[in-house]
Amino acid sequence: MTQRALSSSGFDLTPPDETERARLIASLDAEERRVLLNHGTEAPFCGGLLGETRGGHYLCRMCGLPLFEAATKFESGTGWPSFYAPFDPGHIRSVRDDSHGMVRIETRCARCDSHQGHVFPDGPAPTRLRFCINSVSLRFVADGDPLPDPLARGDTLD
């Protein structure tokens, strides 16, 4: 039996196997694949979650891992959903990104390794961080709705 890796908040961080990964990728549309798998960026001020103001959670679009809570979302003026803290620090993986002639910190889902966006040191208190995330990298689940986990229960994010 495979040992499962759990986050401090109790979520399974075990990466999807090849079959699970293929199933998750098959559920993505072309724009989601471009951003999540090929480290793309959606156009600013166009993302469907930019104006979302309800309470709830923002999950990885590919694997469903909770990445951010609505309570940490703020208007940064950048054109992308911004958060000052992750749902659980163990749910976000940081990777040095020196593409486009600059050094940034890319954020990826810790479970499926999909590209989410970047984190910058210019956010509000208490963390002073700004997680600048692509809307297509996320799925919003309102407070009171169950958090789907397509790797644990066979749910889909469609």
# chains A, B, ... in the order shown; residues from 1 in each chain; ligands from 1
call {"tool": "select_by_dssp", "arguments": {"residues": "range 55-152 of chain A", "states": "strand (DSSP E)", "output": "VMD selection string"}}
result
chain A and resid 56 to 60 66 to 69 73 to 74 82 to 83 92 to 97 104 to 109 115 to 120 130 to 133 138 to 142
call {"tool": "select_by_dssp", "arguments": {"residues": "range 76-145 of chain A", "states": "helix (DSSP H, G or I)", "output": "list of chain:residue names"}}
result
A:Pro89, A:Gly90, A:His91, A:Ser99, A:His100, A:Gly101, A:Ser135, A:Val136, A:Ser137
call {"tool": "write_last_selection", "arguments": {"atoms": "N, CA and C atoms", "output": "PDB file, in the first residue's frame"}}
result
ATOM      1  N   PRO A  89       0.033  26.529   3.929  1.00  0.00           N
ATOM      2  CA  PRO A  89       1.313  26.741   3.244  1.00  0.00           C
ATOM      3  C   PRO A  89       1.830  25.494   2.528  1.00  0.00           C
ATOM      4  N   GLY A  90       1.483  24.325   3.027  1.00  0.00           N
ATOM      5  CA  GLY A  90       1.919  23.088   2.398  1.00  0.00           C
ATOM      6  C   GLY A  90       1.209  22.766   1.096  1.00  0.00           C
ATOM      7  N   HIS A  91       0.181  23.530   0.756  1.00  0.00           N
ATOM      8  CA  HIS A  91      -0.574  23.284  -0.481  1.00  0.00           C
ATOM      9  C   HIS A  91       0.003  24.041  -1.675  1.00  0.00           C
ATOM     10  N   SER A  99      12.182  33.440 -16.182  1.00  0.00           N
ATOM     11  CA  SER A  99      11.750  33.672 -17.560  1.00  0.00           C
ATOM     12  C   SER A  99      11.403  35.152 -17.760  1.00  0.00           C
ATOM     13  N   HIS A 100      11.292  35.557 -18.983  1.00  0.00           N
ATOM     14  CA  HIS A 100      10.891  36.923 -19.348  1.00  0.00           C
ATOM     15  C   HIS A 100      11.843  37.994 -18.808  1.00  0.00           C
ATOM     16  N   GLY A 101      13.110  37.651 -18.606  1.00  0.00           N
ATOM     17  CA  GLY A 101      14.114  38.615 -18.201  1.00  0.00           C
ATOM     18  C   GLY A 101      13.980  39.151 -16.785  1.00  0.00           C
ATOM     19  N   SER A 135      -7.220  33.042 -12.869  1.00  0.00           N
ATOM     20  CA  SER A 135      -8.571  32.523 -12.611  1.00  0.00           C
ATOM     21  C   SER A 135      -8.747  31.114 -13.168  1.00  0.00           C
ATOM     22  N   VAL A 136      -8.201  30.861 -14.368  1.00  0.00           N
ATOM     23  CA  VAL A 136      -8.390  29.542 -14.972  1.00  0.00           C
ATOM     24  C   VAL A 136      -7.647  28.443 -14.221  1.00  0.00           C
ATOM     25  N   SER A 137      -6.745  28.821 -13.321  1.00  0.00           N
ATOM     26  CA  SER A 137      -6.029  27.836 -12.510  1.00  0.00           C
ATOM     27  C   SER A 137      -6.836  27.400 -11.294  1.00  0.00           C
TER      28      SER A 137
END
call {"tool": "closest_residue", "arguments": {"among": "A:Asp122, A:Thr72, A:Ala30, A:Arg21", "to": "Glu42 in chain A", "atoms": "only C-alpha atoms"}}
result
A:Ala30
call {"tool": "residues_around", "arguments": {"residues": "Gly10 in chain A", "least_positions_apart": "3", "cutoff": "12 Å", "atoms": "only C-alpha atoms", "output": "ChimeraX atom specification"}}
result
/A:4-7,13-14,65-66,87-88,90-91
call {"tool": "write_last_selection", "arguments": {"atoms": "all heavy atoms", "output": "CSV table (one decimal), in the first residue's frame"}}
result
chain,number,residue,atom,x,y,z
A,4,ARG,N,0.5,7.7,2.0
A,4,ARG,CA,-0.1,9.0,1.7
A,4,ARG,C,0.6,10.1,2.4
A,4,ARG,O,0.9,10.0,3.6
A,4,ARG,CB,-1.6,9.0,2.0
A,4,ARG,CG,-2.4,8.1,1.1
A,4,ARG,CD,-2.4,8.5,-0.3
A,4,ARG,NE,-3.3,7.7,-1.1
A,4,ARG,CZ,-3.3,7.7,-2.4
A,4,ARG,NH1,-2.5,8.5,-3.0
A,4,ARG,NH2,-4.2,7.0,-3.1
A,5,ALA,N,0.8,11.2,1.7
A,5,ALA,CA,1.4,12.4,2.3
A,5,ALA,C,0.3,13.4,2.6
A,5,ALA,O,-0.5,13.8,1.7
A,5,ALA,CB,2.4,13.1,1.3
A,6,LEU,N,0.1,13.7,3.9
A,6,LEU,CA,-0.9,14.6,4.3
A,6,LEU,C,-0.4,16.0,4.7
A,6,LEU,O,0.7,16.1,5.3
A,6,LEU,CB,-1.7,14.1,5.5
A,6,LEU,CG,-2.4,12.7,5.3
A,6,LEU,CD1,-3.1,12.3,6.6
A,6,LEU,CD2,-3.4,12.9,4.1
A,7,SER,N,-1.1,17.0,4.4
A,7,SER,CA,-0.8,18.4,4.8
A,7,SER,C,-1.1,18.6,6.2
A,7,SER,O,-1.8,17.8,6.8
A,7,SER,CB,-1.5,19.4,3.9
A,7,SER,OG,-2.9,19.4,4.2
A,13,LEU,N,-1.7,15.1,-0.1
A,13,LEU,CA,-0.8,15.8,-1.1
A,13,LEU,C,-0.1,14.8,-2.0
A,13,LEU,O,0.7,15.2,-2.8
A,13,LEU,CB,0.2,16.6,-0.3
A,13,LEU,CG,-0.3,17.7,0.6
A,13,LEU,CD1,0.9,18.4,1.3
A,13,LEU,CD2,-1.1,18.7,-0.2
A,14,THR,N,-0.5,13.5,-2.0
A,14,THR,CA,0.1,12.5,-2.8
A,14,THR,C,-0.2,12.9,-4.3
A,14,THR,O,-1.4,13.1,-4.7
A,14,THR,CB,-0.5,11.1,-2.5
A,14,THR,OG1,-0.4,10.9,-1.1
A,14,THR,CG2,0.2,10.1,-3.3
A,65,LEU,N,-7.3,20.5,-4.9
A,65,LEU,CA,-6.7,20.8,-3.6
A,65,LEU,C,-7.0,22.2,-3.2
A,65,LEU,O,-6.9,23.1,-4.0
A,65,LEU,CB,-5.2,20.6,-3.7
A,65,LEU,CG,-4.4,20.8,-2.4
A,65,LEU,CD1,-4.7,19.6,-1.4
A,65,LEU,CD2,-2.9,20.8,-2.6
A,66,PRO,N,-7.5,22.5,-2.0
A,66,PRO,CA,-7.8,23.8,-1.6
A,66,PRO,C,-6.5,24.6,-1.5
A,66,PRO,O,-5.6,24.2,-0.9
A,66,PRO,CB,-8.4,23.7,-0.2
A,66,PRO,CG,-8.9,22.3,-0.1
A,66,PRO,CD,-7.9,21.5,-1.0
A,87,PHE,N,-4.4,28.8,1.8
A,87,PHE,CA,-5.2,28.0,2.7
A,87,PHE,C,-4.4,27.2,3.7
A,87,PHE,O,-4.6,27.2,4.9
A,87,PHE,CB,-6.1,27.0,1.8
A,87,PHE,CG,-6.9,26.0,2.6
A,87,PHE,CD1,-8.1,26.4,3.1
A,87,PHE,CD2,-6.4,24.7,2.9
A,87,PHE,CE1,-8.9,25.5,3.8
A,87,PHE,CE2,-7.1,23.8,3.6
A,87,PHE,CZ,-8.4,24.2,4.1
A,88,ASP,N,-3.3,26.6,3.2
A,88,ASP,CA,-2.3,25.9,4.0
A,88,ASP,C,-1.0,26.0,3.3
A,88,ASP,O,-0.9,25.8,2.1
A,88,ASP,CB,-2.7,24.4,4.0
A,88,ASP,CG,-1.8,23.5,4.8
A,88,ASP,OD1,-0.6,23.7,4.7
A,88,ASP,OD2,-2.3,22.6,5.5
A,90,GLY,N,1.5,24.3,3.0
A,90,GLY,CA,1.9,23.1,2.4
A,90,GLY,C,1.2,22.8,1.1
A,90,GLY,O,1.6,21.8,0.4
A,91,HIS,N,0.2,23.5,0.8
A,91,HIS,CA,-0.6,23.3,-0.5
A,91,HIS,C,0.0,24.0,-1.7
A,91,HIS,O,-0.4,23.8,-2.8
A,91,HIS,CB,-2.0,23.7,-0.3
A,91,HIS,CG,-2.8,22.8,0.6
A,91,HIS,ND1,-4.1,22.7,0.6
A,91,HIS,CD2,-2.4,21.9,1.6
A,91,HIS,CE1,-4.5,21.8,1.6
A,91,HIS,NE2,-3.5,21.3,2.1
call {"tool": "closest_atom_pairs", "arguments": {"of": "range 23-63 of chain A", "to": "range 73-86 of chain A", "cutoff": "9 Å", "atoms": "only C-alpha atoms", "output": "tab-separated table"}}
result
residue	atom	partner	partner_atom	distance
A:Glu42	CA	A:Trp80	CA	8.6
A:Ala43	CA	A:Gly79	CA	8.1
A:Pro44	CA	A:Gly79	CA	4.4
A:Phe45	CA	A:Gly79	CA	4.1
A:Cys46	CA	A:Gly79	CA	7.4
A:Gly47	CA	A:Trp80	CA	6.8
A:Leu49	CA	A:Pro81	CA	6.6
A:Leu50	CA	A:Pro81	CA	4.9
A:Gly51	CA	A:Pro81	CA	8.0
A:Glu52	CA	A:Pro81	CA	8.7
A:Thr53	CA	A:Lys73	CA	8.6
call {"tool": "write_last_selection", "arguments": {"atoms": "N, CA and C atoms", "output": "compact mmCIF listing (two decimals), in the first residue's frame"}}
result
# COMPACT_ATOMS: atom_id res chain seq x y z
N GLU A 42 -3.17 34.10 -18.13
CA GLU A 42 -4.36 34.64 -18.78
C GLU A 42 -4.23 36.16 -18.86
N ALA A 43 -4.98 36.77 -19.75
CA ALA A 43 -4.94 38.22 -19.90
C ALA A 43 -5.47 38.90 -18.63
N PRO A 44 -4.88 40.02 -18.24
CA PRO A 44 -5.36 40.72 -17.03
C PRO A 44 -6.78 41.24 -17.23
N PHE A 45 -7.51 41.33 -16.13
CA PHE A 45 -8.87 41.85 -16.06
C PHE A 45 -9.88 41.04 -16.87
N CYS A 46 -9.53 39.80 -17.22
CA CYS A 46 -10.43 38.95 -18.01
C CYS A 46 -10.87 37.70 -17.26
N GLY A 47 -10.22 37.36 -16.17
CA GLY A 47 -10.51 36.11 -15.47
C GLY A 47 -11.87 36.10 -14.81
N LEU A 49 -12.86 34.81 -12.09
CA LEU A 49 -12.91 34.86 -10.62
C LEU A 49 -12.43 36.19 -10.05
N LEU A 50 -12.03 37.10 -10.91
CA LEU A 50 -11.51 38.38 -10.44
C LEU A 50 -12.52 39.12 -9.56
N GLY A 51 -13.78 39.13 -9.97
CA GLY A 51 -14.81 39.85 -9.22
C GLY A 51 -15.58 39.01 -8.22
N GLU A 52 -15.17 37.77 -8.00
CA GLU A 52 -15.88 36.89 -7.05
C GLU A 52 -15.73 37.44 -5.64
N THR A 53 -16.85 37.67 -4.95
CA THR A 53 -16.80 38.26 -3.61
C THR A 53 -17.46 37.40 -2.55
call {"tool": "atom_distance", "arguments": {"atom1": "CA of Gly123 in chain A", "atom2": "CA of Val103 in chain A"}}
result
17.5 Å
call {"tool": "atom_distance", "arguments": {"atom1": "CA of Leu67 in chain A", "atom2": "CA of Cys109 in chain A"}}
result
7.6 Å
call {"tool": "atom_distance", "arguments": {"atom1": "CA of Leu151 in chain A", "atom2": "CA of Arg130 in chain A"}}
result
28.5 Å
call {"tool": "residues_around", "arguments": {"residues": "Glu32 in chain A", "least_positions_apart": "4", "cutoff": "12 Å", "atoms": "only C-alpha atoms", "output": "mmCIF file with N, CA, C and O atoms, in the first residue's frame"}}
result
data_model
loop_
_atom_site.group_PDB
_atom_site.id
_atom_site.type_symbol
_atom_site.label_atom_id
_atom_site.label_comp_id
_atom_site.auth_asym_id
_atom_site.auth_seq_id
_atom_site.Cartn_x
_atom_site.Cartn_y
_atom_site.Cartn_z
ATOM 1 N N LEU A 24 -7.356 13.837 -15.169
ATOM 2 C CA LEU A 24 -7.466 15.241 -14.777
ATOM 3 C C LEU A 24 -7.174 16.171 -15.957
ATOM 4 O O LEU A 24 -7.886 17.153 -16.180
ATOM 5 N N ILE A 25 -6.149 15.862 -16.727
ATOM 6 C CA ILE A 25 -5.797 16.680 -17.889
ATOM 7 C C ILE A 25 -6.909 16.649 -18.929
ATOM 8 O O ILE A 25 -7.230 17.678 -19.536
ATOM 9 N N ALA A 26 -7.544 15.500 -19.104
ATOM 10 C CA ALA A 26 -8.634 15.377 -20.077
ATOM 11 C C ALA A 26 -9.823 16.264 -19.722
ATOM 12 O O ALA A 26 -10.607 16.636 -20.601
ATOM 13 N N SER A 27 -9.960 16.642 -18.454
ATOM 14 C CA SER A 27 -11.087 17.491 -18.041
ATOM 15 C C SER A 27 -10.821 18.980 -18.275
ATOM 16 O O SER A 27 -11.719 19.804 -18.088
ATOM 17 N N LEU A 28 -9.604 19.337 -18.687
ATOM 18 C CA LEU A 28 -9.235 20.740 -18.889
ATOM 19 C C LEU A 28 -9.556 21.192 -20.304
ATOM 20 O O LEU A 28 -9.403 20.428 -21.260
ATOM 21 N N LEU A 36 -2.210 25.961 -16.873
ATOM 22 C CA LEU A 36 -1.862 25.003 -15.819
ATOM 23 C C LEU A 36 -0.671 24.118 -16.172
ATOM 24 O O LEU A 36 0.170 23.833 -15.311
ATOM 25 N N LEU A 37 -0.606 23.670 -17.404
ATOM 26 C CA LEU A 37 0.434 22.712 -17.791
ATOM 27 C C LEU A 37 1.642 23.364 -18.454
ATOM 28 O O LEU A 37 2.755 22.849 -18.367
ATOM 29 N N ASN A 38 1.420 24.495 -19.148
ATOM 30 C CA ASN A 38 2.498 25.131 -19.906
ATOM 31 C C ASN A 38 2.927 26.469 -19.317
ATOM 32 O O ASN A 38 3.579 27.258 -19.994
ATOM 33 N N HIS A 39 2.522 26.731 -18.075
ATOM 34 C CA HIS A 39 2.959 27.913 -17.327
ATOM 35 C C HIS A 39 2.587 29.226 -18.013
ATOM 36 O O HIS A 39 3.320 30.202 -17.948
ATOM 37 N N GLY A 40 1.421 29.231 -18.663
ATOM 38 C CA GLY A 40 0.933 30.435 -19.313
ATOM 39 C C GLY A 40 0.314 31.401 -18.319
ATOM 40 O O GLY A 40 0.235 31.130 -17.119
ATOM 41 N N THR A 41 -0.144 32.529 -18.848
ATOM 42 C CA THR A 41 -0.814 33.549 -18.049
ATOM 43 C C THR A 41 -2.034 34.018 -18.815
ATOM 44 O O THR A 41 -1.948 34.286 -20.014
ATOM 45 N N GLU A 42 -3.174 34.104 -18.127
ATOM 46 C CA GLU A 42 -4.355 34.644 -18.781
ATOM 47 C C GLU A 42 -4.226 36.164 -18.860
ATOM 48 O O GLU A 42 -3.457 36.770 -18.103
ATOM 49 N N GLY A 47 -10.221 37.359 -16.170
ATOM 50 C CA GLY A 47 -10.508 36.107 -15.468
ATOM 51 C C GLY A 47 -11.870 36.101 -14.807
ATOM 52 O O GLY A 47 -12.325 37.112 -14.255
ATOM 53 N N CYS A 60 -7.462 24.168 -6.611
ATOM 54 C CA CYS A 60 -6.723 23.926 -7.846
ATOM 55 C C CYS A 60 -7.702 23.389 -8.880
ATOM 56 O O CYS A 60 -8.421 22.424 -8.624
ATOM 57 N N ARG A 61 -7.742 24.010 -10.051
ATOM 58 C CA ARG A 61 -8.654 23.577 -11.106
ATOM 59 C C ARG A 61 -8.344 22.156 -11.566
ATOM 60 O O ARG A 61 -9.239 21.408 -11.908
ATOM 61 N N MET A 62 -7.090 21.774 -11.511
ATOM 62 C CA MET A 62 -6.746 20.445 -12.020
ATOM 63 C C MET A 62 -7.050 19.343 -11.024
ATOM 64 O O MET A 62 -7.719 18.382 -11.376
ATOM 65 N N SER A 114 0.586 21.838 -10.936
ATOM 66 C CA SER A 114 0.082 22.738 -11.971
ATOM 67 C C SER A 114 0.446 24.186 -11.647
ATOM 68 O O SER A 114 0.496 24.589 -10.487
ATOM 69 N N HIS A 115 0.686 24.957 -12.692
ATOM 70 C CA HIS A 115 1.030 26.376 -12.549
ATOM 71 C C HIS A 115 -0.196 27.148 -12.082
ATOM 72 O O HIS A 115 -1.278 27.020 -12.644
ATOM 73 N N GLN A 116 -0.006 27.971 -11.050
ATOM 74 C CA GLN A 116 -1.089 28.800 -10.527
ATOM 75 C C GLN A 116 -0.861 30.279 -10.825
ATOM 76 O O GLN A 116 -1.778 30.984 -11.176
ATOM 77 N N ASN A 134 -3.926 33.009 -11.622
ATOM 78 C CA ASN A 134 -4.786 32.962 -12.798
ATOM 79 C C ASN A 134 -6.151 32.390 -12.429
ATOM 80 O O ASN A 134 -6.228 31.346 -11.765
ATOM 81 N N SER A 135 -7.220 33.042 -12.869
ATOM 82 C CA SER A 135 -8.571 32.523 -12.611
ATOM 83 C C SER A 135 -8.747 31.114 -13.168
ATOM 84 O O SER A 135 -9.382 30.274 -12.534
ATOM 85 N N VAL A 136 -8.201 30.861 -14.368
ATOM 86 C CA VAL A 136 -8.390 29.542 -14.972
ATOM 87 C C VAL A 136 -7.647 28.443 -14.221
ATOM 88 O O VAL A 136 -7.911 27.267 -14.437
ATOM 89 N N SER A 137 -6.745 28.821 -13.321
ATOM 90 C CA SER A 137 -6.029 27.836 -12.510
ATOM 91 C C SER A 137 -6.836 27.400 -11.294
ATOM 92 O O SER A 137 -6.443 26.474 -10.599
ATOM 93 N N LEU A 138 -7.948 28.100 -11.050
ATOM 94 C CA LEU A 138 -8.727 27.885 -9.829
ATOM 95 C C LEU A 138 -10.159 27.467 -10.121
ATOM 96 O O LEU A 138 -10.689 27.727 -11.197
ATOM 97 N N ARG A 139 -10.766 26.879 -9.125
ATOM 98 C CA ARG A 139 -12.203 26.628 -9.110
ATOM 99 C C ARG A 139 -12.704 27.170 -7.779
ATOM 100 O O ARG A 139 -12.151 26.842 -6.726
#
call {"tool": "closest_residue", "arguments": {"among": "A:Pro15, A:Gly55, A:Pro150, A:Gly117", "to": "Ser94 in chain A", "atoms": "only C-alpha atoms"}}
result
A:Gly117
call {"tool": "closest_residue", "arguments": {"among": "A:Pro148, A:Gly56, A:Pro124, A:Pro16", "to": "Ala71 in chain A", "atoms": "only C-alpha atoms"}}
result
A:Gly56
call {"tool": "residues_around", "arguments": {"residues": "Glu106 in chain A", "least_positions_apart": "3", "cutoff": "7 Å", "atoms": "only C-alpha atoms", "output": "ChimeraX atom specification"}}
result
/A:94-97,117-119
call {"tool": "closest_residue", "arguments": {"among": "A:Pro146, A:Ala70, A:Asp98, A:Ser8", "to": "Tyr58 in chain A", "atoms": "only C-alpha atoms"}}
result
A:Ala70
